[in-house]
Amino acid sequence: MNSSFLYHAWGLYSLECTREEYKGNTIILHVQSKKPQKTCPKCGKCNLVKNGYRTRDFLGLPIGGKKIIIRMKVQRYKCKCDGCDYDQQENIPFATGSCSYTHRFAKHVVDLLRSMTLKDAAARLDISWDMVKEIHSRYLESHYSPPSLDGVECIGIDEFAVKKGHIYKTIVVDLLSGRILYVGEGKGVEALADFWKKVRRKNISIKYVATDLSAAFISSVLDNCPNAIHVFDHFHVVKLMNDKLDDIRRMQYNMEKDINKRKVLKGTRYLLLGNGADIYDSKYKTRLENALAMNEPLSKAYYLKEQLREIWAQGCKEDAEKVLADWVDQARESKIPQLQKMVMTVLAYRRGILSWYDCHISTAKVEGINNKIKVMKRNAYGFRDERYFKLRLYALHDCRITRNVG
Ligand SMILES: [Zn+2]
C-alpha cells in the first residue's frame, strides 16, 4: 500500500506500509517511519542512534466495513553527544499520548455520537463501550471543561434529582446562553460553595440571579452576591398558591354533605388550578362558575389565586407593589387559614417577587434544562461515571453534540 493512500485514508504521513495482514473482519497495516530521525531534538546535533523499538497498535478509520489496526514499529532514539541524555521514542503525530486510536478515529466516534447511543457506536465500530466513552470524554473535556464564566452576568440556579429523590445535584445556568456553568453535589448552601469561590477567583460580577423559593439558594445568593438583583421565580410563587387552593378545595369537599355538590367540587380541580384566562370553552366556564357559586371560601381563594398573577402583569414596579399590598389585604380579610399562610409567604418573599420588575428573568430556562437531563438519564446507562455525566451536562446546551446518548 502506498504512502499517499495511508495519508489520504487515515491521515498518516511520513509513514510507509511494510505489510498488510487480513484477519477475519480486521485489516492490520504494518507501518513504520519512512526516514529515520537524525537530529537530536534536545541538543540539535546529528548524533542520534537507534535504541530498540516497540510495536504499538492504533485503531484507524474503518474501511470497507473492516476494522483497521495500524501496527507501528515505534523506534527509540538515543543521543550520542557528551552531556546530552536524550533517549526517547519517536514522535507519533497521528495519535495522542498513550491512546490506542488515531485522531481521525476519535473524530469519527464523536461524529457517530451525534446521532447514536454509546452502545450502538461501540457495536458499529466493534470496540468496547468504555472506549467509546473514553474518546467522548476526552473530546468533551477539551471542548467544554471547565465551563468559562467570562462575561456571565445573569444566572439561574436549580436542583435536580439524580436518583428518584434521594441524591440531588445543583446546577447553575447562564440564562443568556443556556450553558450549564456549574454542577454541585446536593441542594444545600454547600452545593454552591465552589461556584462562588470560582466567581470570586475569576472576579466575575453576577448582576442578576433567578431561583425558586429554596431557603438555601436565597441565603447563598444573599451571602455571596448581595448586590445582585435576585428574582424569585414567579411560577413557583403561583404554584404555592395553587397548592393552597387545592388544599382548600379538598377541605370543602370533605365537609360537603350534599353528594351532587361533592361531585361538582371533585370535577373542577383542573379548572380551579389552571389559568382562568385559558378557559375558553363555555361548558367548562359554566362548570367552574357553578362550583364557585356554591362555595364561598373556594370562590374567595380562586379569585385571590387569579389576582395573585396580576402582580406580574403590571406596567411598573410601583403598580405591582400596590397590587401586592391590595392582595395581602384581601387575603387577610378572607380569614381562610391557608390564605393567611400564603400572606406570610408573599410578604416574606416580597422583595424577590417585585425584583421581577428590575429584570424579567425566571428559572424557566433552567427547568427546561432539567427536563433535558431527565431524558438524558432515561436513555443512558453511562452516568454512573460522575466525571462523564458532568461533562455531558457541560455540553448539554450544544445541540451539535448529542442526541441523548446512552
Ligand atoms: Zn542530543
# chains A, B, ... in the order shown; residues from 1 in each chain; ligands from 1
call {"tool": "closest_atom_pairs", "arguments": {"of": "chain A", "to": "ligand 1", "cutoff": "9 Å", "atoms": "only C-alpha atoms and all ligand atoms", "output": "Markdown table"}}
result
| residue | atom | partner | partner_atom_place_in_ligand_line | distance |
| --- | --- | --- | --- | --- |
| A:Thr39 | CA | ligand 1 | 1 (Zn) | 7.8 |
| A:Cys40 | CA | ligand 1 | 1 (Zn) | 4.6 |
| A:Pro41 | CA | ligand 1 | 1 (Zn) | 6.7 |
| A:Lys42 | CA | ligand 1 | 1 (Zn) | 5.0 |
| A:Cys43 | CA | ligand 1 | 1 (Zn) | 4.1 |
| A:Gly44 | CA | ligand 1 | 1 (Zn) | 6.1 |
| A:Lys45 | CA | ligand 1 | 1 (Zn) | 6.0 |
| A:Cys46 | CA | ligand 1 | 1 (Zn) | 7.8 |
| A:Asn47 | CA | ligand 1 | 1 (Zn) | 6.7 |
| A:Leu48 | CA | ligand 1 | 1 (Zn) | 7.1 |
| A:Lys78 | CA | ligand 1 | 1 (Zn) | 7.8 |
| A:Cys79 | CA | ligand 1 | 1 (Zn) | 4.6 |
| A:Lys80 | CA | ligand 1 | 1 (Zn) | 6.7 |
| A:Cys81 | CA | ligand 1 | 1 (Zn) | 5.5 |
| A:Asp82 | CA | ligand 1 | 1 (Zn) | 8.1 |
| A:Gly83 | CA | ligand 1 | 1 (Zn) | 8.0 |
| A:Cys84 | CA | ligand 1 | 1 (Zn) | 4.7 |
| A:Asp85 | CA | ligand 1 | 1 (Zn) | 6.6 |
| A:Tyr86 | CA | ligand 1 | 1 (Zn) | 5.4 |
| A:Asp87 | CA | ligand 1 | 1 (Zn) | 8.6 |
call {"tool": "write_last_selection", "arguments": {"atoms": "C-alpha atoms", "output": "PDB file, in the first residue's frame"}}
result
ATOM      1  CA  THR A  39      18.787  15.388  14.583  1.00  0.00           C
ATOM      2  CA  CYS A  40      18.594  15.353  18.351  1.00  0.00           C
ATOM      3  CA  PRO A  41      15.635  17.482  19.459  1.00  0.00           C
ATOM      4  CA  LYS A  42      17.474  18.339  22.655  1.00  0.00           C
ATOM      5  CA  CYS A  43      20.985  19.421  21.571  1.00  0.00           C
ATOM      6  CA  GLY A  44      20.317  19.874  17.862  1.00  0.00           C
ATOM      7  CA  LYS A  45      23.276  17.750  16.735  1.00  0.00           C
ATOM      8  CA  CYS A  46      23.062  14.888  14.252  1.00  0.00           C
ATOM      9  CA  ASN A  47      24.213  12.256  16.674  1.00  0.00           C
ATOM     10  CA  LEU A  48      21.107  10.103  17.122  1.00  0.00           C
ATOM     11  CA  LYS A  78      19.371   7.910  21.817  1.00  0.00           C
ATOM     12  CA  CYS A  79      21.773  10.839  21.501  1.00  0.00           C
ATOM     13  CA  LYS A  80      25.460  10.026  21.499  1.00  0.00           C
ATOM     14  CA  CYS A  81      26.623  13.535  22.377  1.00  0.00           C
ATOM     15  CA  ASP A  82      28.572  14.070  25.586  1.00  0.00           C
ATOM     16  CA  GLY A  83      26.347  15.606  28.208  1.00  0.00           C
ATOM     17  CA  CYS A  84      23.117  15.018  26.245  1.00  0.00           C
ATOM     18  CA  ASP A  85      20.816  12.469  27.795  1.00  0.00           C
ATOM     19  CA  TYR A  86      18.188  12.379  25.025  1.00  0.00           C
ATOM     20  CA  ASP A  87      16.690   8.884  24.853  1.00  0.00           C
TER      21      ASP A  87
END
call {"tool": "select_by_dssp", "arguments": {"residues": "range 5-179 of chain A", "states": "alpha helix (DSSP H)", "output": "ChimeraX atom specification"}}
result
/A:5-10,103-112,118-125,129-144
call {"tool": "closest_atom_pairs", "arguments": {"of": "range 326-373 of chain A", "to": "range 233-257 of chain A", "cutoff": "10 Å", "atoms": "only C-alpha atoms", "output": "tab-separated table"}}
result
residue	atom	partner	partner_atom	distance
A:Ile336	CA	A:Ile248	CA	8.6
A:Pro337	CA	A:Ile248	CA	9.2
A:Gln338	CA	A:Lys244	CA	5.8
A:Leu339	CA	A:Lys244	CA	7.1
A:Lys341	CA	A:Lys244	CA	8.7
A:Met342	CA	A:Met241	CA	6.8
A:Val343	CA	A:Met241	CA	9.8
A:Thr345	CA	A:Val237	CA	8.7
A:Val346	CA	A:Val237	CA	7.9
A:Tyr349	CA	A:Val237	CA	9.0
A:Gly352	CA	A:Asp233	CA	8.3
A:Ile353	CA	A:His234	CA	6.9
A:Leu354	CA	A:His234	CA	9.7
A:Ser355	CA	A:Asp233	CA	9.9
A:Trp356	CA	A:His234	CA	8.3
A:His360	CA	A:Asp233	CA	9.8
A:Ile361	CA	A:Asp233	CA	7.7
A:Ser362	CA	A:Asp233	CA	4.9
A:Thr363	CA	A:Asp233	CA	5.9
A:Ala364	CA	A:Asp233	CA	8.1
call {"tool": "atom_distance", "arguments": {"atom1": "CA of Gln37 in chain A", "atom2": "CA of Arg76 in chain A"}}
result
9.6 Å
call {"tool": "closest_residue", "arguments": {"among": "A:Val31, A:Leu125, A:Val74, A:Ala325", "to": "Leu61 in chain A", "atoms": "only C-alpha atoms"}}
result
A:Leu125
call {"tool": "residues_around", "arguments": {"residues": "range 134-149 of chain A", "least_positions_apart": "6", "cutoff": "7 Å", "atoms": "only C-alpha atoms", "output": "VMD selection string"}}
result
chain A and resid 106 110 181 388 391 394 to 395
call {"tool": "atom_distance", "arguments": {"atom1": "CA of Ser128 in chain A", "atom2": "CA of Lys23 in chain A"}}
result
19.0 Å
